[in-house]
Amino acid sequence: MIQNRPYILHRLLRVSVLFLGVLMVAVFLGISLGSTHIGFKDVFESLTGTADAGATIQTIIWQIRVPRVLVAALVGAALSVGGLVFQALLRNPLAEPYILGISSGSGIGAILGILAGLSRFPGVGITAFAGSVATLLLLLLMASGQGMVRRNTLLLSGVMINAFCGALIMFLISITHDARLHNIIFWLMGDLSTSSMKNVWVLGGILLPSCALIFLRSNAMNVLLMGKEVAHTMGIHIRWVTGELLVVTSLMVSITVSQCGPIGFVGLVIPHLMRLILGPDHRILVPSCILSGGTYMILCDVLARTLPDQGEMPAGVITAMIGAPLFIILLKRSGR
Amino acid sequence: MRGKRPWISSRRCAGESGIFPRAFPVHHTVHCFFQIGITPIISVGSPTFIHELIVLAGGENVARGPTAYPRFSQEQVVALAPEVLIITSMARGGHFEEVKKSWEKWSDLPAVKNHRILVVDSNLFDRASPRIVDALETLAMKIHPERFEGSP
Amino acid sequence: MTRIVDVRDIHHAYGEYPVLKQITFYVEREDFFIIIGPNGSGKTTLLKILAGILPRQRGELDILGKSPESLSRRRLAKTIAFVPQITTVDFPFTVAEVVLMGRSPHLGVLGLERKSDRDIAEAAMAYTDVAHLADRRADTLSGGELQRVSIARAICQQPRILLLDEPTAALDLGHQIRVMDLMEKLKEKDQLTIIMVSHDVNLAAMYASRLLLLKAGGVVSQGVPDDVLTYQTLEKAYDCPLLVDQSPLGRFKRVTQVPRKFIPGGEIPRGH
C-alpha cells in the first residue's frame, strides 16, 4: 500500500543524514591515516585546534591530508553521480563515463592542453571538456540507431573508443620530448597525491553546482526511465533535459580528469550499490551517490596511501581493481 | 663503472681542494633529501653512489635505507623535515623549477625556510662517470656553503 | 457536443516517405474514438502526433481549442496522457512508484508527493485492479499487469484525454476485455475522452462511439461503427475477403476473416 510508505522527502532527509555521517567518519579516517603515522588524538587536537601538535604535523594535516581528502570526496561524488546519470539517460545499467571512453577522451584533451603549454585551470580543463564532449558525440553517433541507444552496441562502441583513446594517449606520450609528459604516468592512472587547496576550490566551484543541478533533474530522470515517448507525454522536455544532463556530466568528468586524471569504475560501483540498497528512485539516489561516492573515493585513496610499504600508489589503481571485476559480474548477470 | 671509482683518487683524492668531510670537520651533518623522480617522488637509499656523495659532502641522507631507490609520499618528505632538498631529474628540460615551486608551498619545511631547495645538473649526478667528482664538489658547496666562503 | 480534438488536413512524412496524407477528423468530448486500419496505415504515427511526441509537419491540430505547441509540456501532460503499446521498465521501480510518477506534471521540480497525490494514485490502482501489486517490482510483471499499471499511471495524470496505442495487442482474451471495460468505465464515470489505436476490429465494433479507418496514410471512412464497418469499406482497407454480420450480442457488427477454402470459385458468401 502506498499510504504506509515513507514520503520521499522523509526518506531523502534520513538517507542524506545517514550518508553524511558515514562521509564524516571517512573524512576523519582519511585525515588520520597516511604514509606517516599520526595518532588519532593528535589529529583530533590539530583539527579542533585544542592543542598545538607541532609544525610538521600541522603541515601534514592541513596542507596535505585535508585538501587531499576534500579532493577525493569531490571527485568521488562527481564520478558516482556521473555514472548514475549515464545509466539513466542511456537506460543501460553498465554505462559509465570511464567505461564508455569519455574519461580517456577528456584525457586526450588534457594532454593536448598540457602540450600546448596551458595552465591546469582553466586551460587544460577546457581542452579536457572539449575532448569529453567530442567523444560523447562520437559515441552517441556510433551507438544510436533510430533514436534509441542500444545496449550492447553502446558498450562495445564505448570500449573501442576507450581503447582508441588509450592508444592515442600512448602515442602522444611516446612521440613527445616534452618533459612535462614524462611524469604523466601516475596522472594517467588517476592520482590524488598532488592535491592542494587550489584543486579543492576549482573542483568544488564546478562540481557542487553541477551536482545541485543534477539533483534538480532527478525526478525528470525517473520519468525518463518510463521510456522516451511516455516521458514526453508526462511533461518532460526530453531533448533539453538529456542535453543538459549530458553536458553537465561531461563537464564534471572532464574537470576531474584535468585535475586528477581518469579514475575509473567509481561511477559503476557506487550507483549499483546504492540502487541495491535504496531502490531506483533518483531523488534518493543522486544525493546518496554524491555522499557515498565521496566516502568510497576517500577510502580507496586511504588504501592507495597506506597499502604500499614505500610511497603511495595512484587511487585509480584501487578503484579499477574493485570496479572491473564488478563490471564483469554485472555484465554476466545482465546477459541472462 | 665497476670498482672503487679509481678516477676519484687519480684526480682529486689527494685532497688538494679539501672537499672531503674527513678533510674538514663540519659542525653539523646537514639533513638532505635528494629527489631523482618527481611523480612518484623517488629518492636515493644507502646502496647508491649518490648516497655516498651526500655523506662525503658532509650531509646526512634522510632517505637512507636498504632500498636503492625508495619511493616517498609528500607527507613523508615533510615529516622527514630535510634542511636541504636537492632536485635532479631523469626528465630533462625546464621542469625542475616547477618542482621546486611545488615544494616551496610547505613553508614549515626547514629547507624552504632557509631557501635551500636546490636544483642540480642531472648530467653530473645521474650517472657515475668521471665527472662525478664535479658533482661531489657541487654538492659540498651546496650543503656547506660556509666552508667555501672566500675560496675562489 | 464540443470538439475536444480537431484535426484538419494533417500530412506527415518520414524523410521522403509519406505516412499520412490529408487526415481530417474530429473527436468529441467523451468519445470513445478508435483508429483502425491495416499495418503501415499510419495509425501509430497519427496517435503520436496527437500526443505531441512527433512534431506536426503540415496541417492544423487543435486540442481543447488550442494548438498543442502553444501549451507547455507540463500543461499538455495534464490534458493528454499516453499509454504506449509496450511499457518497458528497465530499472527496478515498484508498481506504486511507477503509478505515482504520473503525478509529476502536477508537482514541483522534484515531484515530492503530498497525501492527496497518494490518494489519487491509490484510487487509480484500485480502478485498474493493480492495488495488490503495489510493492511488486514493475519489471517482474506480466504483460497484462504491466499494461494496467501503465494505464493507472496515465490515469494518475488526471488528463482530459487518454491516448492508447494498441493496448490490447499483447493481451489474452480476458485481459483484452477487462482493459476495454476499464476504458468504457473511464469514459462514462470520469468523463474522459478515449482515443485508441487498435488492430481488433471486433473490439472496436463493441466499444467505439466513433471510428476512423485508415489505409496507406489516408482516411477510408469515419463515423459511427455501423457506418464504417461494412464489408465494402473493410475489404477495401484490409484487402482480404471478410464477412460482416450482426454480433449475436445484438447491437454490434461482427467481422470475420474468410479463409480461401470457404470461397468456392472466388465468390464470397454474403448474408447469413
# chains A, B, ... in the order shown; residues from 1 in each chain; ligands from 1
$ select_by_dssp --residues "region 46-148 of chain B" --states "alpha helix (DSSP H)" --output "ChimeraX atom specification"
/B:49-56,74-80,96-104,110-113,122-125,132-143
$ closest_atom_pairs --of "chain C" --to "chain A" --cutoff "7 Å" --atoms "only C-alpha atoms" --output "JSON lines"
{"residue": "C:Ala51", "atom": "CA", "partner": "A:Thr233", "partner_atom": "CA", "distance": 6.6}
{"residue": "C:Ile53", "atom": "CA", "partner": "A:Glu229", "partner_atom": "CA", "distance": 6.2}
{"residue": "C:Arg73", "atom": "CA", "partner": "A:Gly235", "partner_atom": "CA", "distance": 4.5}
{"residue": "C:Arg74", "atom": "CA", "partner": "A:Gly235", "partner_atom": "CA", "distance": 4.1}
{"residue": "C:Leu76", "atom": "CA", "partner": "A:Gly235", "partner_atom": "CA", "distance": 7.0}
{"residue": "C:Ala77", "atom": "CA", "partner": "A:Met234", "partner_atom": "CA", "distance": 5.0}
{"residue": "C:Ala81", "atom": "CA", "partner": "A:Thr233", "partner_atom": "CA", "distance": 6.1}
{"residue": "C:Phe82", "atom": "CA", "partner": "A:Thr233", "partner_atom": "CA", "distance": 6.2}
{"residue": "C:Thr88", "atom": "CA", "partner": "A:Met226", "partner_atom": "CA", "distance": 6.8}
{"residue": "C:Val89", "atom": "CA", "partner": "A:Met226", "partner_atom": "CA", "distance": 6.1}
{"residue": "C:Asp90", "atom": "CA", "partner": "A:Arg91", "partner_atom": "CA", "distance": 7.0}
{"residue": "C:Phe91", "atom": "CA", "partner": "A:Pro280", "partner_atom": "CA", "distance": 6.4}
{"residue": "C:Pro92", "atom": "CA", "partner": "A:Pro280", "partner_atom": "CA", "distance": 6.1}
{"residue": "C:Phe93", "atom": "CA", "partner": "A:Pro280", "partner_atom": "CA", "distance": 5.9}
{"residue": "C:Ala96", "atom": "CA", "partner": "A:Ile2", "partner_atom": "CA", "distance": 6.4}
{"residue": "C:Met101", "atom": "CA", "partner": "A:Val223", "partner_atom": "CA", "distance": 6.7}
{"residue": "C:Pro105", "atom": "CA", "partner": "A:Gly235", "partner_atom": "CA", "distance": 5.7}
{"residue": "C:Val109", "atom": "CA", "partner": "A:Leu216", "partner_atom": "CA", "distance": 6.6}
{"residue": "C:Leu110", "atom": "CA", "partner": "A:Asn219", "partner_atom": "CA", "distance": 5.3}
{"residue": "C:Gly111", "atom": "CA", "partner": "A:Asn219", "partner_atom": "CA", "distance": 6.1}
{"residue": "C:Leu112", "atom": "CA", "partner": "A:Ile8", "partner_atom": "CA", "distance": 6.3}
{"residue": "C:Arg118", "atom": "CA", "partner": "A:Ile2", "partner_atom": "CA", "distance": 6.6}
{"residue": "C:Glu122", "atom": "CA", "partner": "A:Ile2", "partner_atom": "CA", "distance": 6.8}
{"residue": "C:Ala134", "atom": "CA", "partner": "A:Met1", "partner_atom": "CA", "distance": 5.9}
$ write_last_selection --atoms "C-alpha atoms" --output "mmCIF file, in the first residue's frame"
data_model
loop_
_atom_site.group_PDB
_atom_site.id
_atom_site.type_symbol
_atom_site.label_atom_id
_atom_site.label_comp_id
_atom_site.auth_asym_id
_atom_site.auth_seq_id
_atom_site.Cartn_x
_atom_site.Cartn_y
_atom_site.Cartn_z
ATOM 1 C CA ALA C 51 0.286 13.055 -28.202
ATOM 2 C CA ILE C 53 5.568 13.025 -29.456
ATOM 3 C CA ARG C 73 4.829 20.345 -21.868
ATOM 4 C CA ARG C 74 3.537 20.177 -18.324
ATOM 5 C CA LEU C 76 -0.119 19.334 -22.137
ATOM 6 C CA ALA C 77 0.674 16.431 -19.797
ATOM 7 C CA ALA C 81 -1.899 11.065 -21.178
ATOM 8 C CA PHE C 82 -0.372 8.411 -23.376
ATOM 9 C CA THR C 88 9.423 -1.239 -20.675
ATOM 10 C CA VAL C 89 10.738 -0.719 -17.200
ATOM 11 C CA ASP C 90 14.498 -1.348 -17.241
ATOM 12 C CA PHE C 91 15.092 -0.261 -13.688
ATOM 13 C CA PRO C 92 13.545 -1.957 -10.675
ATOM 14 C CA PHE C 93 10.831 0.569 -9.811
ATOM 15 C CA ALA C 96 3.494 2.173 -6.656
ATOM 16 C CA MET C 101 5.212 9.191 -11.256
ATOM 17 C CA PRO C 105 3.219 17.106 -14.122
ATOM 18 C CA VAL C 109 10.516 20.052 -9.897
ATOM 19 C CA LEU C 110 11.425 17.219 -7.528
ATOM 20 C CA GLY C 111 7.968 15.669 -7.716
ATOM 21 C CA LEU C 112 7.641 15.375 -3.943
ATOM 22 C CA ARG C 118 -1.111 9.305 -2.852
ATOM 23 C CA GLU C 122 -4.234 4.601 -4.772
ATOM 24 C CA ALA C 134 1.796 -2.014 -5.267
#
$ select_by_dssp --residues "region 31-260 of chain C" --states "strand (DSSP E or B)" --output "count of residues only"
50
$ interface_residues --of "chain A" --to "chain B" --cutoff "12 Å" --atoms "only C-alpha atoms" --output "mmCIF file with N, CA and C atoms, in the first residue's frame"
data_model
loop_
_atom_site.group_PDB
_atom_site.id
_atom_site.type_symbol
_atom_site.label_atom_id
_atom_site.label_comp_id
_atom_site.auth_asym_id
_atom_site.auth_seq_id
_atom_site.Cartn_x
_atom_site.Cartn_y
_atom_site.Cartn_z
ATOM 1 N N ILE A 31 41.898 11.748 7.030
ATOM 2 C CA ILE A 31 42.861 12.706 7.563
ATOM 3 C C ILE A 31 43.810 12.023 8.544
ATOM 4 N N LEU A 33 44.808 8.682 8.561
ATOM 5 C CA LEU A 33 45.671 7.625 8.049
ATOM 6 C C LEU A 33 46.497 8.133 6.880
ATOM 7 N N GLY A 34 47.716 7.623 6.801
ATOM 8 C CA GLY A 34 48.569 8.035 5.704
ATOM 9 C C GLY A 34 49.908 7.378 5.833
ATOM 10 N N SER A 35 50.842 7.767 4.967
ATOM 11 C CA SER A 35 52.139 7.099 4.967
ATOM 12 C C SER A 35 52.983 7.494 6.179
ATOM 13 N N THR A 36 52.618 8.597 6.844
ATOM 14 C CA THR A 36 53.287 8.943 8.086
ATOM 15 C C THR A 36 52.323 8.654 9.227
ATOM 16 N N HIS A 37 52.821 8.072 10.306
ATOM 17 C CA HIS A 37 51.912 7.758 11.385
ATOM 18 C C HIS A 37 51.654 8.983 12.260
ATOM 19 N N ILE A 38 50.395 9.338 12.379
ATOM 20 C CA ILE A 38 49.998 10.386 13.318
ATOM 21 C C ILE A 38 48.843 9.807 14.127
ATOM 22 N N GLY A 54 52.502 20.564 16.833
ATOM 23 C CA GLY A 54 53.816 20.683 16.208
ATOM 24 C C GLY A 54 53.667 21.048 14.754
ATOM 25 N N ALA A 55 54.621 21.823 14.256
ATOM 26 C CA ALA A 55 54.508 22.402 12.919
ATOM 27 C C ALA A 55 54.423 21.333 11.839
ATOM 28 N N THR A 56 55.215 20.262 11.996
ATOM 29 C CA THR A 56 55.233 19.251 10.941
ATOM 30 C C THR A 56 53.887 18.557 10.820
ATOM 31 N N ILE A 57 53.332 18.196 11.980
ATOM 32 C CA ILE A 57 52.023 17.534 11.955
ATOM 33 C C ILE A 57 50.963 18.468 11.408
ATOM 34 N N GLN A 58 51.027 19.739 11.831
ATOM 35 C CA GLN A 58 50.073 20.725 11.301
ATOM 36 C C GLN A 58 50.152 20.792 9.787
ATOM 37 N N THR A 59 51.384 20.865 9.272
ATOM 38 C CA THR A 59 51.558 20.956 7.823
ATOM 39 C C THR A 59 50.981 19.719 7.142
ATOM 40 N N ILE A 60 51.329 18.552 7.668
ATOM 41 C CA ILE A 60 50.859 17.316 7.027
ATOM 42 C C ILE A 60 49.344 17.258 7.033
ATOM 43 N N ILE A 61 48.746 17.610 8.178
ATOM 44 C CA ILE A 61 47.290 17.509 8.256
ATOM 45 C C ILE A 61 46.607 18.566 7.410
ATOM 46 N N TRP A 62 46.999 19.824 7.618
ATOM 47 C CA TRP A 62 46.235 20.898 6.984
ATOM 48 C C TRP A 62 46.604 21.136 5.527
ATOM 49 N N GLN A 63 47.880 20.904 5.190
ATOM 50 C CA GLN A 63 48.258 21.235 3.813
ATOM 51 C C GLN A 63 48.318 20.026 2.902
ATOM 52 N N ILE A 64 48.418 18.829 3.469
ATOM 53 C CA ILE A 64 48.464 17.650 2.606
ATOM 54 C C ILE A 64 47.186 16.833 2.717
ATOM 55 N N ARG A 65 46.843 16.428 3.942
ATOM 56 C CA ARG A 65 45.735 15.472 4.041
ATOM 57 C C ARG A 65 44.365 16.107 3.863
ATOM 58 N N VAL A 66 44.136 17.259 4.462
ATOM 59 C CA VAL A 66 42.812 17.872 4.343
ATOM 60 C C VAL A 66 42.469 18.173 2.880
ATOM 61 N N ARG A 68 43.619 16.820 0.280
ATOM 62 C CA ARG A 68 43.537 15.564 -0.456
ATOM 63 C C ARG A 68 42.215 14.850 -0.196
ATOM 64 N N HIS A 177 58.859 15.026 -26.795
ATOM 65 C CA HIS A 177 60.071 15.157 -25.996
ATOM 66 C C HIS A 177 59.832 16.105 -24.841
ATOM 67 N N ASP A 178 58.566 16.469 -24.694
ATOM 68 C CA ASP A 178 58.228 17.448 -23.673
ATOM 69 C C ASP A 178 58.370 16.814 -22.288
ATOM 70 N N ALA A 179 59.187 17.430 -21.476
ATOM 71 C CA ALA A 179 59.451 16.872 -20.151
ATOM 72 C C ALA A 179 58.188 16.760 -19.310
ATOM 73 N N ARG A 180 57.227 17.667 -19.578
ATOM 74 C CA ARG A 180 56.034 17.676 -18.735
ATOM 75 C C ARG A 180 55.262 16.368 -18.843
ATOM 76 N N LEU A 181 55.398 15.658 -19.960
ATOM 77 C CA LEU A 181 54.622 14.443 -20.134
ATOM 78 C C LEU A 181 55.286 13.212 -19.529
ATOM 79 N N HIS A 182 56.576 13.333 -19.192
ATOM 80 C CA HIS A 182 57.244 12.136 -18.706
ATOM 81 C C HIS A 182 56.767 11.729 -17.327
ATOM 82 N N ASN A 183 56.188 12.669 -16.638
ATOM 83 C CA ASN A 183 55.706 12.335 -15.305
ATOM 84 C C ASN A 183 54.206 12.121 -15.282
ATOM 85 N N ILE A 184 53.665 11.799 -16.467
ATOM 86 C CA ILE A 184 52.214 11.773 -16.575
ATOM 87 C C ILE A 184 51.637 10.392 -16.285
ATOM 88 N N ILE A 185 52.519 9.411 -16.139
ATOM 89 C CA ILE A 185 52.035 8.041 -15.964
ATOM 90 C C ILE A 185 51.145 7.914 -14.723
ATOM 91 N N PHE A 186 51.560 8.547 -13.631
ATOM 92 C CA PHE A 186 50.742 8.499 -12.418
ATOM 93 C C PHE A 186 49.401 9.175 -12.643
ATOM 94 N N TRP A 187 49.437 10.302 -13.323
ATOM 95 C CA TRP A 187 48.206 11.037 -13.618
ATOM 96 C C TRP A 187 47.259 10.160 -14.430
ATOM 97 N N LEU A 188 47.819 9.420 -15.379
ATOM 98 C CA LEU A 188 47.002 8.553 -16.228
ATOM 99 C C LEU A 188 46.303 7.474 -15.436
ATOM 100 N N MET A 189 46.862 7.094 -14.312
ATOM 101 C CA MET A 189 46.248 6.054 -13.501
ATOM 102 C C MET A 189 45.271 6.631 -12.494
ATOM 103 N N ASP A 191 45.386 9.966 -10.018
ATOM 104 C CA ASP A 191 46.212 10.217 -8.846
ATOM 105 C C ASP A 191 45.716 11.439 -8.080
ATOM 106 N N LEU A 192 45.645 11.301 -6.770
ATOM 107 C CA LEU A 192 45.194 12.429 -5.958
ATOM 108 C C LEU A 192 46.335 13.011 -5.140
ATOM 109 N N SER A 193 47.578 12.513 -5.363
ATOM 110 C CA SER A 193 48.641 12.840 -4.417
ATOM 111 C C SER A 193 49.086 14.301 -4.494
ATOM 112 N N THR A 194 48.801 14.980 -5.577
ATOM 113 C CA THR A 194 49.269 16.365 -5.678
ATOM 114 C C THR A 194 48.173 17.366 -5.332
ATOM 115 N N SER A 195 47.130 16.897 -4.637
ATOM 116 C CA SER A 195 46.012 17.787 -4.335
ATOM 117 C C SER A 195 46.412 18.908 -3.385
ATOM 118 N N SER A 196 45.935 20.100 -3.716
ATOM 119 C CA SER A 196 46.149 21.224 -2.810
ATOM 120 C C SER A 196 44.817 21.948 -2.660
ATOM 121 N N MET A 197 44.803 22.968 -1.811
ATOM 122 C CA MET A 197 43.559 23.706 -1.618
ATOM 123 C C MET A 197 43.090 24.333 -2.915
ATOM 124 N N LYS A 198 44.041 24.665 -3.807
ATOM 125 C CA LYS A 198 43.641 25.254 -5.088
ATOM 126 C C LYS A 198 42.759 24.266 -5.870
ATOM 127 N N ALA A 304 45.208 3.488 -1.131
ATOM 128 C CA ALA A 304 46.306 3.797 -2.048
ATOM 129 C C ALA A 304 47.491 4.400 -1.299
ATOM 130 N N ARG A 305 47.208 5.094 -0.205
ATOM 131 C CA ARG A 305 48.277 5.740 0.551
ATOM 132 C C ARG A 305 48.944 4.785 1.519
ATOM 133 N N THR A 306 48.173 3.818 2.030
ATOM 134 C CA THR A 306 48.714 3.003 3.121
ATOM 135 C C THR A 306 49.143 1.602 2.694
ATOM 136 N N PRO A 308 50.979 0.414 -0.065
ATOM 137 C CA PRO A 308 52.373 0.180 -0.427
ATOM 138 C C PRO A 308 53.289 0.466 0.757
ATOM 139 N N ASP A 309 54.333 -0.342 0.925
ATOM 140 C CA ASP A 309 55.213 -0.070 2.062
ATOM 141 C C ASP A 309 56.168 1.075 1.753
ATOM 142 N N GLN A 310 56.202 1.497 0.507
ATOM 143 C CA GLN A 310 57.023 2.659 0.154
ATOM 144 C C GLN A 310 56.170 3.631 -0.628
ATOM 145 N N GLY A 311 56.162 4.873 -0.242
ATOM 146 C CA GLY A 311 55.442 5.871 -1.021
ATOM 147 C C GLY A 311 53.968 5.553 -1.142
ATOM 148 N N GLU A 312 53.391 5.842 -2.295
ATOM 149 C CA GLU A 312 51.963 5.671 -2.488
ATOM 150 C C GLU A 312 51.715 5.133 -3.874
ATOM 151 N N MET A 313 50.455 4.689 -4.109
ATOM 152 C CA MET A 313 50.107 4.370 -5.491
ATOM 153 C C MET A 313 48.896 5.205 -5.893
ATOM 154 N N PRO A 314 48.650 5.295 -7.190
ATOM 155 C CA PRO A 314 47.515 6.112 -7.611
ATOM 156 C C PRO A 314 46.202 5.477 -7.165
#
$ atom_distance --atom1 "CA of Pro66 (chain B)" --atom2 "CA of Glu83 (chain B)"
22.1 Å
$ residues_around --residues "Leu164 (chain C)" --least-positions-apart "5" --cutoff "7 Å" --atoms "only C-alpha atoms" --output "list in words"
Phe82, Val83, Pro84, Ile195, Met196 and Val197 of chain C
$ write_last_selection --atoms "N, CA and C atoms" --output "short mmCIF file (atom, residue, chain, number, x, y, z; two decimals), in the first residue's frame"
data_model
loop_
_atom_site.label_atom_id
_atom_site.label_comp_id
_atom_site.auth_asym_id
_atom_site.auth_seq_id
_atom_site.Cartn_x
_atom_site.Cartn_y
_atom_site.Cartn_z
N PHE C 82 -0.66 9.35 -22.29
CA PHE C 82 -0.37 8.41 -23.38
C PHE C 82 0.04 7.07 -22.80
N VAL C 83 -0.54 6.01 -23.31
CA VAL C 83 -0.16 4.66 -22.90
C VAL C 83 0.44 3.96 -24.12
N PRO C 84 1.73 3.63 -24.06
CA PRO C 84 2.36 3.03 -25.24
C PRO C 84 1.94 1.57 -25.38
N ILE C 195 -8.95 7.99 -26.92
CA ILE C 195 -8.57 7.82 -28.32
C ILE C 195 -7.61 6.64 -28.36
N MET C 196 -7.97 5.62 -29.15
CA MET C 196 -7.22 4.38 -29.10
C MET C 196 -6.90 3.92 -30.51
N VAL C 197 -5.69 3.40 -30.66
CA VAL C 197 -5.35 2.71 -31.91
C VAL C 197 -5.56 1.24 -31.67
#
$ residues_around --residues "Glu104 (chain B)" --least-positions-apart "5" --cutoff "9 Å" --atoms "only C-alpha atoms" --output "short mmCIF file (atom, residue, chain, number, x, y, z; two decimals) with N, CA and C atoms, in the first residue's frame"
data_model
loop_
_atom_site.label_atom_id
_atom_site.label_comp_id
_atom_site.auth_asym_id
_atom_site.auth_seq_id
_atom_site.Cartn_x
_atom_site.Cartn_y
_atom_site.Cartn_z
N VAL B 99 58.93 21.91 -10.08
CA VAL B 99 59.00 21.01 -8.93
C VAL B 99 59.47 21.77 -7.71
N LEU B 109 58.73 23.61 6.15
CA LEU B 109 59.84 22.71 5.85
C LEU B 109 61.16 23.48 6.06
N ALA B 111 64.02 23.23 4.79
CA ALA B 111 64.66 23.57 3.52
C ALA B 111 64.01 24.77 2.86
N VAL B 112 62.70 24.91 3.06
CA VAL B 112 62.01 26.05 2.47
C VAL B 112 62.31 27.32 3.27
N LYS B 113 62.27 27.18 4.60
CA LYS B 113 62.55 28.33 5.47
C LYS B 113 63.91 28.93 5.15
N HIS B 115 65.58 28.63 2.41
CA HIS B 115 65.79 28.77 0.97
C HIS B 115 66.86 27.81 0.47
N ILE B 117 66.24 24.85 -1.32
CA ILE B 117 65.78 23.89 -2.32
C ILE B 117 66.64 24.11 -3.55
#
$ closest_atom_pairs --of "region 67-125 of chain A" --to "region 253-274 of chain A" --cutoff "6 Å" --atoms "only C-alpha atoms" --output "Markdown table"
| residue | atom | partner | partner_atom | distance |
| --- | --- | --- | --- | --- |
| A:Leu79 | CA | A:Gly267 | CA | 5.1 |
| A:Ser80 | CA | A:Gly267 | CA | 3.9 |
| A:Gly83 | CA | A:Gly267 | CA | 3.9 |
| A:Leu84 | CA | A:Pro271 | CA | 5.6 |
| A:Glu96 | CA | A:Gly267 | CA | 5.7 |
| A:Tyr98 | CA | A:Gly264 | CA | 5.2 |
| A:Ser103 | CA | A:Pro262 | CA | 5.5 |
| A:Ser106 | CA | A:Ser254 | CA | 5.5 |
| A:Ala110 | CA | A:Ser258 | CA | 5.8 |
| A:Gly125 | CA | A:Ser258 | CA | 5.4 |
$ write_last_selection --atoms "C-alpha atoms" --output "compact mmCIF listing (two decimals), in the first residue's frame"
# COMPACT_ATOMS: atom_id res chain seq x y z
CA LEU A 79 32.19 10.38 -10.71
CA SER A 80 29.43 8.42 -8.97
CA GLY A 83 27.80 7.20 -13.70
CA LEU A 84 24.28 7.41 -12.32
CA GLU A 96 29.81 4.79 -17.02
CA TYR A 98 35.21 5.76 -17.89
CA SER A 103 37.28 9.92 -19.49
CA SER A 106 38.94 14.15 -21.96
CA ALA A 110 44.01 17.37 -21.24
CA GLY A 125 40.10 21.98 -18.05
